[in-house]
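Trainee: Here you go, one structure.
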Amino acid sequence: MASVTGVSTSTDFERRTVRVVPGEETTTALTVRNDSDIVEAYGFQVVGDCAPWTEVEPARLSLYPGTSQTVLVRMRPPRSPAVRAGETPLGIRVLPVERPDSAAVSETVVDIAPFAEQRLELVPERRRAWRSARYRVLAHNDGNTPVALELAAVEVDDRLRYTTADAPTPVEPGAETEIPVRVRVGKVLWFGKPVTWPIRLSGVAEEPEPREHELAGEFIQLPVFPRWLLALLAALLALLLAWLLLVRPAVRSAAREAADDRAQEIAEAVQTQAQTPVPPPPPPTSSAPEPGGGDEVGEPGGDGQSVSGGGTQSSSTIEVRTNTGGLGKGTYVVPEGKVFRVTDILVGNHQGDEGVLTIIFGERTVTTIALETFRNQDYHWVTPIDIPAGAAVAVNVTCAKPGTPATGRQARTCFELLNVSGELADLQ
């Protein structure tokens, strides 16, 4: 027994060592004696690591001089990793009310019994792979003493091989540890359906008492070439065979027949031409133009004007800028005393605008184009189009939406170009 004697107070524990089991209740007795010459009241205070789960009953005690009384010390340690196994000191401070300076502390030793409680999880429980997969075993130590965990494979199929830690893995109370595990199949699955392999692991805790935990999972082995790929390869092979055996010979035969027919037509045409008499050359004609002709250079054009035989190549560019929803116009007027014989035009929509563009030569509408259908468009004429003096080449643009040029930023207005080329000739 442990006792403490002060000036006016003495205490005495019933037992020097008290063994407690987490999750259960244990009691011991403490004797308090009043050695003073007055009636004294006493309070109690538990000190040390046992204080959260220890209490004294009654909480207050009054004694006459020279008398003693026993109080009950009740201990309820929780079943938690925080209550570590082993010996822990317990102190009870006895506090006199009338003479607080004569307080006394009585001590004993609490022996906390160990308990084992572990949780093991296989993460994930299912893996899909071609030949090998990696798992983790999460080990939780919910006991109050360190343990050493060791993993072992339960033999289910000898075609599976397990790789894990060689030595036991220590886990402290209240801690969590990961133990890596690798599962590998002996052979590769090239074709067919996926195969499911069961995984069985056993986790053994060495201390404080041997305990075995069973872990179960699955490893789904995937084929290297799935069935849909085999079906696709078979279809491609069938198409290739059909081409080589059926379509290709038919195409060659049709091409050969077409070539033979064309050669026969050419031979017949050559033979017919050889049998046709050559007509005599036409009589010489005067180089002077005849009155009334209108198609030779220098003859009157469609507007009744006479065009000289010579001219110079000329071109003009018309720019049209238009706001959204607006109508823009651009013109080029043929100078006085000239006629513009147009042979080529080039329309530019470099921004990619949206809308409608109309080209007019004099009183004639040449074409109407939707802007969103082109970026650059050109037109050419073998027979020139004559635009008389004072008439105009006009471009009308209706802007629906400005486009985005190469800079990547949308333009604020529509912007189109028309280049007109031809011969600018003098009127006679």
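Following the order of the structure tokens, chains are lettered A, B, ..., residues in each are numbered from 1, and ligands are numbered from 1.
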Taking only segment 89-206 of chain A into account, list the residues labelled strand (DSSP E) by DSSP (computed from the backbone), as a PyMOL selection string.

Mentor: chain A and resi 89-96+104-112+118-123+126-129+132-141+147-153+160-163+169-171+176-185+195-205

Trainee: Using only C-alpha atoms, which protein or nucleic acid residues come within 7 Å of segment 148-160 of chain A? Drop anything in the same chain fewer than 2 positions from it, and give the result as a list of chain:residue names.

Mentor: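 What passes the distance filter is A:Tyr162, A:Pro168, A:Thr169, A:Pro170, A:Val171, A:Val183, A:Arg184, A:Val185, A:Gly186, A:Arg200, A:Leu201, A:Ser202, A:Gly203, A:Val204, A:Ala205, A:Glu206, A:Glu207.
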
Trainee: Would you mind listing what lies within 10 Å of segment 63-77 of chain A as a compact mmCIF listing (two decimals) with all heavy atoms, in the first residue's frame, with only C-alpha atoms counted and same-chain residues fewer than 2 positions away left out?

Mentor:
# COMPACT_ATOMS: atom_id res chain seq x y z
N SER A 8 -1.48 17.69 8.52
CA SER A 8 -2.76 17.40 9.15
C SER A 8 -3.56 16.35 8.42
O SER A 8 -4.69 16.08 8.78
CB SER A 8 -3.59 18.68 9.27
OG SER A 8 -3.83 19.21 7.98
N THR A 9 -3.01 15.79 7.30
CA THR A 9 -3.75 14.83 6.48
C THR A 9 -2.84 13.70 6.07
O THR A 9 -1.66 13.93 5.72
CB THR A 9 -4.31 15.51 5.21
OG1 THR A 9 -5.08 16.65 5.59
CG2 THR A 9 -5.17 14.56 4.43
N SER A 10 -3.36 12.48 6.10
CA SER A 10 -2.62 11.32 5.60
C SER A 10 -3.54 10.51 4.70
O SER A 10 -4.76 10.46 4.93
CB SER A 10 -2.10 10.45 6.76
OG SER A 10 -3.19 9.95 7.51
N THR A 11 -2.97 9.92 3.63
CA THR A 11 -3.74 9.13 2.66
C THR A 11 -3.07 7.78 2.47
O THR A 11 -1.85 7.65 2.66
CB THR A 11 -3.85 9.85 1.31
OG1 THR A 11 -2.53 10.05 0.80
CG2 THR A 11 -4.56 11.19 1.47
N ASP A 12 -3.86 6.81 2.03
CA ASP A 12 -3.31 5.47 1.87
C ASP A 12 -4.12 4.73 0.80
O ASP A 12 -5.33 4.55 0.96
CB ASP A 12 -3.37 4.72 3.20
CG ASP A 12 -2.63 3.39 3.12
OD1 ASP A 12 -1.92 3.16 2.11
OD2 ASP A 12 -2.75 2.60 4.06
N PHE A 13 -3.46 4.34 -0.38
CA PHE A 13 -4.12 3.56 -1.42
C PHE A 13 -4.25 2.11 -0.97
O PHE A 13 -3.37 1.57 -0.30
CB PHE A 13 -3.33 3.61 -2.74
CG PHE A 13 -3.88 4.60 -3.71
CD1 PHE A 13 -3.18 5.75 -4.02
CD2 PHE A 13 -5.09 4.37 -4.34
CE1 PHE A 13 -3.69 6.67 -4.93
CE2 PHE A 13 -5.60 5.28 -5.25
CZ PHE A 13 -4.90 6.43 -5.55
N GLU A 14 -5.34 1.50 -1.37
CA GLU A 14 -5.57 0.10 -1.01
C GLU A 14 -4.56 -0.82 -1.69
O GLU A 14 -4.08 -1.78 -1.09
CB GLU A 14 -7.00 -0.29 -1.40
CG GLU A 14 -7.35 -1.73 -1.10
CD GLU A 14 -8.71 -2.10 -1.64
OE1 GLU A 14 -9.21 -1.41 -2.56
OE2 GLU A 14 -9.28 -3.09 -1.17
N VAL A 18 -2.74 -1.23 -9.74
CA VAL A 18 -4.11 -1.53 -10.13
C VAL A 18 -4.11 -1.90 -11.62
O VAL A 18 -3.63 -1.11 -12.45
CB VAL A 18 -5.04 -0.33 -9.89
CG1 VAL A 18 -6.48 -0.69 -10.25
CG2 VAL A 18 -4.95 0.12 -8.45
N VAL A 20 -6.08 -2.51 -15.04
CA VAL A 20 -7.35 -2.15 -15.67
C VAL A 20 -7.37 -2.72 -17.09
O VAL A 20 -6.32 -2.90 -17.73
CB VAL A 20 -7.55 -0.62 -15.70
CG1 VAL A 20 -7.64 -0.07 -14.30
CG2 VAL A 20 -6.45 0.07 -16.50
N VAL A 21 -8.58 -2.96 -17.57
CA VAL A 21 -8.79 -3.47 -18.94
C VAL A 21 -9.58 -2.41 -19.71
O VAL A 21 -10.67 -2.00 -19.25
CB VAL A 21 -9.55 -4.80 -18.93
CG1 VAL A 21 -9.80 -5.28 -20.36
CG2 VAL A 21 -8.78 -5.85 -18.13
N PRO A 22 -9.06 -1.91 -20.83
CA PRO A 22 -9.80 -0.92 -21.61
C PRO A 22 -11.19 -1.43 -21.98
O PRO A 22 -11.36 -2.57 -22.39
CB PRO A 22 -8.93 -0.71 -22.84
CG PRO A 22 -7.55 -1.04 -22.38
CD PRO A 22 -7.72 -2.17 -21.42
N GLY A 23 -12.16 -0.56 -21.78
CA GLY A 23 -13.54 -0.92 -22.06
C GLY A 23 -14.26 -1.47 -20.85
O GLY A 23 -15.48 -1.71 -20.93
N GLU A 24 -13.57 -1.69 -19.71
CA GLU A 24 -14.18 -2.21 -18.50
C GLU A 24 -13.94 -1.24 -17.34
O GLU A 24 -13.10 -0.34 -17.42
CB GLU A 24 -13.62 -3.59 -18.15
CG GLU A 24 -13.84 -4.63 -19.25
CD GLU A 24 -13.26 -5.98 -18.88
OE1 GLU A 24 -12.77 -6.12 -17.74
OE2 GLU A 24 -13.30 -6.89 -19.73
N GLU A 25 -14.68 -1.46 -16.25
CA GLU A 25 -14.56 -0.59 -15.08
C GLU A 25 -13.80 -1.31 -13.97
O GLU A 25 -14.04 -2.49 -13.69
CB GLU A 25 -15.94 -0.19 -14.58
CG GLU A 25 -15.90 0.74 -13.38
CD GLU A 25 -17.28 1.15 -12.93
OE1 GLU A 25 -18.07 1.65 -13.77
OE2 GLU A 25 -17.59 0.95 -11.72
N THR A 26 -12.88 -0.58 -13.33
CA THR A 26 -12.09 -1.11 -12.22
C THR A 26 -12.10 -0.09 -11.09
O THR A 26 -12.02 1.13 -11.35
CB THR A 26 -10.65 -1.40 -12.66
OG1 THR A 26 -10.67 -2.30 -13.76
CG2 THR A 26 -9.85 -2.03 -11.52
N THR A 27 -12.17 -0.57 -9.84
CA THR A 27 -12.18 0.34 -8.70
C THR A 27 -11.10 -0.05 -7.71
O THR A 27 -10.67 -1.20 -7.64
CB THR A 27 -13.55 0.30 -7.99
OG1 THR A 27 -13.81 -1.04 -7.54
CG2 THR A 27 -14.67 0.76 -8.92
N THR A 28 -10.68 0.94 -6.93
CA THR A 28 -9.76 0.73 -5.83
C THR A 28 -10.13 1.72 -4.72
O THR A 28 -10.92 2.66 -4.95
CB THR A 28 -8.30 0.92 -6.26
OG1 THR A 28 -7.43 0.55 -5.18
CG2 THR A 28 -8.02 2.35 -6.65
N ALA A 29 -9.57 1.51 -3.52
CA ALA A 29 -9.94 2.34 -2.37
C ALA A 29 -8.78 3.23 -1.96
O ALA A 29 -7.61 2.86 -2.08
CB ALA A 29 -10.37 1.47 -1.19
N LEU A 30 -9.16 4.43 -1.46
CA LEU A 30 -8.19 5.38 -0.93
C LEU A 30 -8.67 5.82 0.46
O LEU A 30 -9.80 6.29 0.61
CB LEU A 30 -8.06 6.59 -1.85
CG LEU A 30 -7.16 7.73 -1.34
CD1 LEU A 30 -5.70 7.27 -1.28
CD2 LEU A 30 -7.29 8.95 -2.25
N THR A 31 -7.78 5.63 1.47
CA THR A 31 -8.14 6.01 2.84
C THR A 31 -7.57 7.38 3.16
O THR A 31 -6.39 7.66 2.94
CB THR A 31 -7.59 4.98 3.85
OG1 THR A 31 -8.11 3.70 3.53
CG2 THR A 31 -7.97 5.36 5.28
N VAL A 32 -8.44 8.26 3.70
CA VAL A 32 -8.05 9.62 4.07
C VAL A 32 -8.23 9.75 5.60
O VAL A 32 -9.31 9.42 6.14
CB VAL A 32 -8.90 10.66 3.33
CG1 VAL A 32 -8.46 12.07 3.72
CG2 VAL A 32 -8.80 10.45 1.82
N ARG A 33 -7.21 10.26 6.32
CA ARG A 33 -7.26 10.44 7.78
C ARG A 33 -7.03 11.90 8.13
O ARG A 33 -6.13 12.54 7.59
CB ARG A 33 -6.19 9.57 8.46
CG ARG A 33 -6.19 9.69 9.99
CD ARG A 33 -5.14 8.76 10.58
NE ARG A 33 -5.10 8.91 12.02
CZ ARG A 33 -5.93 8.30 12.87
NH1 ARG A 33 -6.88 7.48 12.38
NH2 ARG A 33 -5.81 8.46 14.17
N ASN A 34 -7.86 12.42 9.05
CA ASN A 34 -7.74 13.80 9.53
C ASN A 34 -6.89 13.80 10.79
O ASN A 34 -7.35 13.41 11.87
CB ASN A 34 -9.13 14.39 9.81
CG ASN A 34 -9.05 15.83 10.23
OD1 ASN A 34 -7.97 16.45 10.26
ND2 ASN A 34 -10.20 16.40 10.58
N ASP A 35 -5.63 14.23 10.67
CA ASP A 35 -4.72 14.28 11.82
C ASP A 35 -4.70 15.65 12.49
O ASP A 35 -3.87 15.90 13.38
CB ASP A 35 -3.30 13.92 11.36
CG ASP A 35 -3.21 12.47 10.88
OD1 ASP A 35 -3.97 11.64 11.40
OD2 ASP A 35 -2.39 12.21 9.96
N SER A 36 -5.60 16.54 12.06
CA SER A 36 -5.61 17.88 12.65
C SER A 36 -6.52 17.89 13.89
O SER A 36 -7.13 16.88 14.23
CB SER A 36 -6.10 18.89 11.62
OG SER A 36 -7.46 18.66 11.31
N ASP A 37 -6.66 19.06 14.51
CA ASP A 37 -7.48 19.19 15.70
C ASP A 37 -8.79 19.91 15.42
O ASP A 37 -9.47 20.37 16.33
CB ASP A 37 -6.70 19.95 16.78
CG ASP A 37 -6.18 21.29 16.27
OD1 ASP A 37 -6.39 21.58 15.06
OD2 ASP A 37 -5.55 22.02 17.05
N ILE A 38 -9.16 20.01 14.13
CA ILE A 38 -10.43 20.65 13.75
C ILE A 38 -11.18 19.74 12.78
O ILE A 38 -10.61 18.80 12.20
CB ILE A 38 -10.18 22.02 13.09
CG1 ILE A 38 -9.38 21.86 11.81
CG2 ILE A 38 -9.51 22.98 14.07
CD1 ILE A 38 -9.24 23.14 11.02
N VAL A 39 -12.45 20.03 12.64
CA VAL A 39 -13.23 19.31 11.63
C VAL A 39 -12.81 19.84 10.26
O VAL A 39 -12.82 21.05 10.02
CB VAL A 39 -14.74 19.51 11.87
CG1 VAL A 39 -15.52 18.82 10.77
CG2 VAL A 39 -15.13 18.98 13.24
N GLU A 40 -12.44 18.92 9.38
CA GLU A 40 -11.90 19.32 8.06
C GLU A 40 -12.73 18.68 6.95
O GLU A 40 -13.21 17.55 7.06
CB GLU A 40 -10.44 18.88 7.94
CG GLU A 40 -9.76 19.34 6.67
CD GLU A 40 -9.61 20.85 6.59
OE1 GLU A 40 -8.57 21.38 7.05
OE2 GLU A 40 -10.53 21.49 6.05
N ALA A 41 -12.90 19.48 5.88
CA ALA A 41 -13.55 18.99 4.66
C ALA A 41 -12.48 18.81 3.58
O ALA A 41 -11.55 19.62 3.49
CB ALA A 41 -14.63 19.96 4.20
N TYR A 42 -12.62 17.79 2.76
CA TYR A 42 -11.61 17.47 1.75
C TYR A 42 -12.27 17.35 0.36
O TYR A 42 -13.36 16.78 0.21
CB TYR A 42 -10.91 16.14 2.09
CG TYR A 42 -10.20 16.14 3.42
CD1 TYR A 42 -10.84 15.68 4.57
CD2 TYR A 42 -8.89 16.59 3.51
CE1 TYR A 42 -10.19 15.68 5.80
CE2 TYR A 42 -8.23 16.59 4.73
CZ TYR A 42 -8.89 16.14 5.86
OH TYR A 42 -8.24 16.13 7.08
N PHE A 44 -11.10 16.35 -3.91
CA PHE A 44 -10.16 15.44 -4.58
C PHE A 44 -9.95 15.88 -6.03
O PHE A 44 -10.88 16.32 -6.71
CB PHE A 44 -10.69 14.00 -4.55
CG PHE A 44 -10.99 13.50 -3.16
CD1 PHE A 44 -12.28 13.59 -2.63
CD2 PHE A 44 -9.98 12.97 -2.37
CE1 PHE A 44 -12.55 13.14 -1.35
CE2 PHE A 44 -10.25 12.52 -1.09
CZ PHE A 44 -11.55 12.61 -0.58
N VAL A 46 -7.83 14.40 -9.57
CA VAL A 46 -7.05 13.35 -10.22
C VAL A 46 -6.03 14.01 -11.13
O VAL A 46 -6.37 14.88 -11.94
CB VAL A 46 -7.96 12.39 -11.02
CG1 VAL A 46 -7.14 11.27 -11.63
CG2 VAL A 46 -9.05 11.83 -10.13
N CYS A 50 -4.21 9.37 -16.41
CA CYS A 50 -5.44 8.63 -16.13
C CYS A 50 -6.60 9.55 -15.78
O CYS A 50 -7.73 9.08 -15.58
CB CYS A 50 -5.23 7.63 -14.99
SG CYS A 50 -3.89 6.45 -15.28
N ALA A 51 -6.33 10.84 -15.66
CA ALA A 51 -7.36 11.78 -15.19
C ALA A 51 -8.61 11.79 -16.06
O ALA A 51 -9.73 11.88 -15.53
CB ALA A 51 -6.77 13.19 -15.09
N PRO A 52 -8.54 11.69 -17.43
CA PRO A 52 -9.77 11.79 -18.23
C PRO A 52 -10.78 10.68 -17.93
O PRO A 52 -11.98 10.87 -18.16
CB PRO A 52 -9.26 11.72 -19.68
CG PRO A 52 -7.84 12.19 -19.61
CD PRO A 52 -7.34 11.69 -18.30
N TRP A 53 -10.33 9.53 -17.47
CA TRP A 53 -11.27 8.42 -17.25
C TRP A 53 -11.25 7.88 -15.82
O TRP A 53 -11.60 6.73 -15.56
CB TRP A 53 -10.98 7.29 -18.24
CG TRP A 53 -9.52 7.02 -18.52
CD1 TRP A 53 -8.77 7.56 -19.49
CD2 TRP A 53 -8.65 6.13 -17.78
NE1 TRP A 53 -7.49 7.09 -19.46
CE2 TRP A 53 -7.38 6.19 -18.41
CE3 TRP A 53 -8.79 5.30 -16.69
CZ2 TRP A 53 -6.28 5.46 -17.97
CZ3 TRP A 53 -7.72 4.55 -16.25
CH2 TRP A 53 -6.46 4.64 -16.89
N THR A 54 -10.86 8.75 -14.84
CA THR A 54 -10.84 8.37 -13.42
C THR A 54 -11.62 9.40 -12.61
O THR A 54 -11.50 10.62 -12.84
CB THR A 54 -9.39 8.28 -12.92
OG1 THR A 54 -8.67 7.33 -13.71
CG2 THR A 54 -9.35 7.84 -11.46
N GLU A 55 -12.40 8.93 -11.62
CA GLU A 55 -13.15 9.82 -10.75
C GLU A 55 -13.17 9.25 -9.33
O GLU A 55 -12.97 8.04 -9.12
CB GLU A 55 -14.57 10.04 -11.26
CG GLU A 55 -15.40 8.78 -11.31
CD GLU A 55 -16.80 9.04 -11.86
OE1 GLU A 55 -17.04 10.15 -12.37
OE2 GLU A 55 -17.63 8.13 -11.77
N VAL A 56 -13.38 10.15 -8.34
CA VAL A 56 -13.40 9.77 -6.92
C VAL A 56 -14.82 9.95 -6.38
O VAL A 56 -15.46 10.99 -6.62
CB VAL A 56 -12.41 10.63 -6.11
CG1 VAL A 56 -12.45 10.24 -4.62
CG2 VAL A 56 -11.00 10.49 -6.65
N GLU A 57 -15.30 8.96 -5.66
CA GLU A 57 -16.62 9.00 -5.05
C GLU A 57 -16.49 8.73 -3.54
O GLU A 57 -15.85 7.73 -3.17
CB GLU A 57 -17.53 7.96 -5.69
CG GLU A 57 -17.82 8.20 -7.15
CD GLU A 57 -18.71 7.11 -7.72
OE1 GLU A 57 -19.09 6.17 -6.96
OE2 GLU A 57 -19.03 7.19 -8.93
N PRO A 58 -17.03 9.59 -2.69
CA PRO A 58 -17.71 10.84 -3.04
C PRO A 58 -16.71 11.92 -3.41
O PRO A 58 -15.53 11.83 -3.08
CB PRO A 58 -18.47 11.19 -1.76
CG PRO A 58 -17.63 10.61 -0.68
CD PRO A 58 -17.06 9.34 -1.24
N ALA A 59 -17.19 12.97 -4.08
CA ALA A 59 -16.29 14.04 -4.52
C ALA A 59 -15.87 14.96 -3.36
O ALA A 59 -14.89 15.68 -3.49
CB ALA A 59 -16.97 14.86 -5.63
N ARG A 60 -16.61 14.90 -2.21
CA ARG A 60 -16.28 15.75 -1.05
C ARG A 60 -16.49 14.93 0.22
O ARG A 60 -17.44 14.16 0.32
CB ARG A 60 -17.14 17.01 -1.05
CG ARG A 60 -16.72 18.06 -0.02
CD ARG A 60 -17.64 19.27 -0.14
NE ARG A 60 -17.29 20.29 0.83
CZ ARG A 60 -16.40 21.25 0.64
NH1 ARG A 60 -15.75 21.33 -0.52
NH2 ARG A 60 -16.15 22.15 1.56
N LEU A 61 -15.57 15.16 1.19
CA LEU A 61 -15.57 14.35 2.41
C LEU A 61 -15.28 15.24 3.61
O LEU A 61 -14.39 16.09 3.56
CB LEU A 61 -14.50 13.24 2.30
CG LEU A 61 -14.34 12.30 3.48
CD1 LEU A 61 -15.60 11.44 3.66
CD2 LEU A 61 -13.11 11.41 3.26
N ARG A 79 -11.84 1.79 -24.70
CA ARG A 79 -11.15 0.87 -25.62
C ARG A 79 -10.73 1.67 -26.86
O ARG A 79 -11.40 1.69 -27.88
CB ARG A 79 -12.06 -0.29 -25.99
CG ARG A 79 -11.37 -1.44 -26.72
CD ARG A 79 -12.35 -2.57 -26.97
NE ARG A 79 -11.73 -3.65 -27.72
CZ ARG A 79 -11.05 -4.66 -27.19
NH1 ARG A 79 -10.88 -4.69 -25.86
NH2 ARG A 79 -10.52 -5.62 -27.94
N SER A 80 -9.59 2.32 -26.72
CA SER A 80 -9.13 3.26 -27.75
C SER A 80 -7.62 3.16 -27.88
O SER A 80 -6.92 2.88 -26.89
CB SER A 80 -9.53 4.68 -27.37
OG SER A 80 -8.88 5.63 -28.18
N ALA A 82 -5.71 5.51 -27.99
CA ALA A 82 -5.11 6.57 -27.19
C ALA A 82 -4.70 6.08 -25.81
O ALA A 82 -3.83 6.68 -25.16
CB ALA A 82 -6.08 7.75 -27.07
N VAL A 83 -5.34 5.02 -25.31
CA VAL A 83 -4.99 4.46 -24.00
C VAL A 83 -3.94 3.37 -24.25
O VAL A 83 -4.27 2.22 -24.52
CB VAL A 83 -6.24 3.89 -23.30
CG1 VAL A 83 -5.88 3.36 -21.92
CG2 VAL A 83 -7.32 4.96 -23.18
N ILE A 92 -3.76 11.13 -6.84
CA ILE A 92 -4.97 11.75 -6.29
C ILE A 92 -4.51 12.85 -5.33
O ILE A 92 -3.83 12.57 -4.32
CB ILE A 92 -5.86 10.74 -5.55
CG1 ILE A 92 -6.23 9.57 -6.48
CG2 ILE A 92 -7.12 11.42 -5.02
CD1 ILE A 92 -7.09 9.93 -7.64
N VAL A 110 -1.09 2.29 -12.37
CA VAL A 110 -2.18 1.65 -13.12
C VAL A 110 -1.55 0.85 -14.25
O VAL A 110 -0.83 1.41 -15.10
CB VAL A 110 -3.18 2.69 -13.66
CG1 VAL A 110 -4.26 2.00 -14.49
CG2 VAL A 110 -3.80 3.48 -12.52
N ILE A 112 -2.29 -0.91 -17.53
CA ILE A 112 -3.31 -0.97 -18.57
C ILE A 112 -3.06 -2.22 -19.42
O ILE A 112 -1.98 -2.40 -19.98
CB ILE A 112 -3.29 0.29 -19.45
CG1 ILE A 112 -3.51 1.53 -18.59
CG2 ILE A 112 -4.35 0.21 -20.54
CD1 ILE A 112 -3.37 2.84 -19.35

Trainee: For atom CA of Trp130 of chain A and atom CA of Leu189 of chain A, determine how far apart the two atoms are, in Å to one decimal place.

Mentor: 7.2 Å

Trainee: Choose the residue, out of A:Thr365, A:Gln313, A:Asn396, A:Thr358, that has the smallest atom-to-atom separation from Gly326 of chain A; count only C-alpha atoms.

Mentor: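 Once distances to Gly326 of chain A are computed over only C-alpha atoms, the minimum belongs to A:Asn396.
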
Trainee: Which one of A:Glu117, A:Glu257, A:Asp378, A:Glu178 sits closest to Pro210 of chain A if you count only C-alpha atoms?

Mentor: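 Using only C-alpha atoms, the shortest distance to Pro210 of chain A belongs to A:Glu117.
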
Trainee: Which residues come within 9 Å of Ala391 of chain A, counting only C-alpha atoms, excluding same-chain residues fewer than 4 positions away, as a list in words?

Mentor: Tyr332, Val333, Val334, Pro335, Phe361, Gly362, Glu363 and Ile387 of chain A

Trainee: Could those selected residues go to a file with all heavy atoms, as a PDB file, in the first residue's frame?

Mentor:
ATOM      1  N   TYR A 332     -15.975  52.294-111.167  1.00  0.00           N
ATOM      2  CA  TYR A 332     -14.891  52.797-112.012  1.00  0.00           C
ATOM      3  C   TYR A 332     -15.543  53.274-113.295  1.00  0.00           C
ATOM      4  O   TYR A 332     -16.219  52.499-114.001  1.00  0.00           O
ATOM      5  CB  TYR A 332     -13.872  51.702-112.305  1.00  0.00           C
ATOM      6  CG  TYR A 332     -12.952  52.054-113.462  1.00  0.00           C
ATOM      7  CD1 TYR A 332     -11.941  52.999-113.316  1.00  0.00           C
ATOM      8  CD2 TYR A 332     -13.119  51.446-114.699  1.00  0.00           C
ATOM      9  CE1 TYR A 332     -11.128  53.329-114.378  1.00  0.00           C
ATOM     10  CE2 TYR A 332     -12.303  51.761-115.765  1.00  0.00           C
ATOM     11  CZ  TYR A 332     -11.293  52.707-115.606  1.00  0.00           C
ATOM     12  OH  TYR A 332     -10.481  53.016-116.666  1.00  0.00           O
ATOM     13  N   VAL A 333     -15.380  54.553-113.634  1.00  0.00           N
ATOM     14  CA  VAL A 333     -16.016  55.153-114.817  1.00  0.00           C
ATOM     15  C   VAL A 333     -15.008  55.174-115.957  1.00  0.00           C
ATOM     16  O   VAL A 333     -13.861  55.625-115.780  1.00  0.00           O
ATOM     17  CB  VAL A 333     -16.519  56.575-114.503  1.00  0.00           C
ATOM     18  CG1 VAL A 333     -17.164  57.196-115.733  1.00  0.00           C
ATOM     19  CG2 VAL A 333     -17.493  56.546-113.334  1.00  0.00           C
ATOM     20  N   VAL A 334     -15.424  54.705-117.127  1.00  0.00           N
ATOM     21  CA  VAL A 334     -14.552  54.685-118.301  1.00  0.00           C
ATOM     22  C   VAL A 334     -14.326  56.129-118.767  1.00  0.00           C
ATOM     23  O   VAL A 334     -15.290  56.905-118.902  1.00  0.00           O
ATOM     24  CB  VAL A 334     -15.174  53.842-119.429  1.00  0.00           C
ATOM     25  CG1 VAL A 334     -14.274  53.828-120.661  1.00  0.00           C
ATOM     26  CG2 VAL A 334     -15.415  52.415-118.928  1.00  0.00           C
ATOM     27  N   PRO A 335     -13.084  56.536-118.995  1.00  0.00           N
ATOM     28  CA  PRO A 335     -12.813  57.930-119.402  1.00  0.00           C
ATOM     29  C   PRO A 335     -13.457  58.276-120.737  1.00  0.00           C
ATOM     30  O   PRO A 335     -13.774  57.396-121.560  1.00  0.00           O
ATOM     31  CB  PRO A 335     -11.287  57.975-119.482  1.00  0.00           C
ATOM     32  CG  PRO A 335     -10.807  56.812-118.663  1.00  0.00           C
ATOM     33  CD  PRO A 335     -11.846  55.762-118.806  1.00  0.00           C
ATOM     34  N   PHE A 361     -21.708  45.875-115.253  1.00  0.00           N
ATOM     35  CA  PHE A 361     -20.983  46.554-116.330  1.00  0.00           C
ATOM     36  C   PHE A 361     -21.969  47.446-117.058  1.00  0.00           C
ATOM     37  O   PHE A 361     -22.831  46.944-117.812  1.00  0.00           O
ATOM     38  CB  PHE A 361     -20.370  45.565-117.304  1.00  0.00           C
ATOM     39  CG  PHE A 361     -19.199  44.802-116.754  1.00  0.00           C
ATOM     40  CD1 PHE A 361     -18.609  43.779-117.498  1.00  0.00           C
ATOM     41  CD2 PHE A 361     -18.673  45.092-115.505  1.00  0.00           C
ATOM     42  CE1 PHE A 361     -17.519  43.082-117.007  1.00  0.00           C
ATOM     43  CE2 PHE A 361     -17.594  44.404-115.011  1.00  0.00           C
ATOM     44  CZ  PHE A 361     -17.019  43.391-115.760  1.00  0.00           C
ATOM     45  N   GLY A 362     -21.913  48.765-116.839  1.00  0.00           N
ATOM     46  CA  GLY A 362     -22.844  49.675-117.508  1.00  0.00           C
ATOM     47  C   GLY A 362     -24.252  49.422-117.010  1.00  0.00           C
ATOM     48  O   GLY A 362     -24.560  49.593-115.838  1.00  0.00           O
ATOM     49  N   GLU A 363     -25.126  48.940-117.893  1.00  0.00           N
ATOM     50  CA  GLU A 363     -26.503  48.606-117.537  1.00  0.00           C
ATOM     51  C   GLU A 363     -26.676  47.103-117.365  1.00  0.00           C
ATOM     52  O   GLU A 363     -27.788  46.644-117.115  1.00  0.00           O
ATOM     53  CB  GLU A 363     -27.459  49.113-118.639  1.00  0.00           C
ATOM     54  CG  GLU A 363     -27.407  50.615-118.875  1.00  0.00           C
ATOM     55  CD  GLU A 363     -27.874  51.382-117.652  1.00  0.00           C
ATOM     56  OE1 GLU A 363     -28.695  50.845-116.890  1.00  0.00           O
ATOM     57  OE2 GLU A 363     -27.412  52.530-117.456  1.00  0.00           O
ATOM     58  N   ILE A 387     -17.245  48.230-122.550  1.00  0.00           N
ATOM     59  CA  ILE A 387     -17.927  49.207-121.708  1.00  0.00           C
ATOM     60  C   ILE A 387     -17.597  50.577-122.304  1.00  0.00           C
ATOM     61  O   ILE A 387     -16.433  50.996-122.337  1.00  0.00           O
ATOM     62  CB  ILE A 387     -17.465  49.128-120.257  1.00  0.00           C
ATOM     63  CG1 ILE A 387     -17.696  47.703-119.712  1.00  0.00           C
ATOM     64  CG2 ILE A 387     -18.180  50.142-119.389  1.00  0.00           C
ATOM     65  CD1 ILE A 387     -17.181  47.500-118.320  1.00  0.00           C
TER      66      ILE A 387
END

Trainee: Pick from A:Arg412, A:Arg16, A:His380, A:Lys193: nearest to Pro226 of chain A, with only C-alpha atoms counted?

Mentor: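 Closest to Pro226 of chain A of all the choices is A:Lys193.
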
Trainee: Provide the atom CA of Ser316 of chain A to atom CA of Thr367 of chain A distance in Å, to one decimal place.

Mentor: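 Atom CA of Thr367 of chain A lies at a distance of 18.2 Å from atom CA of Ser316 of chain A.
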
Trainee: Write out as an MDAnalysis selection string the residues lying within 12 Å of Ile369 of chain A, counting only C-alpha atoms and excluding same-chain residues fewer than 3 positions away.

Mentor: chainID A and resid 347:349 353:359 365:366 372:378 395:398
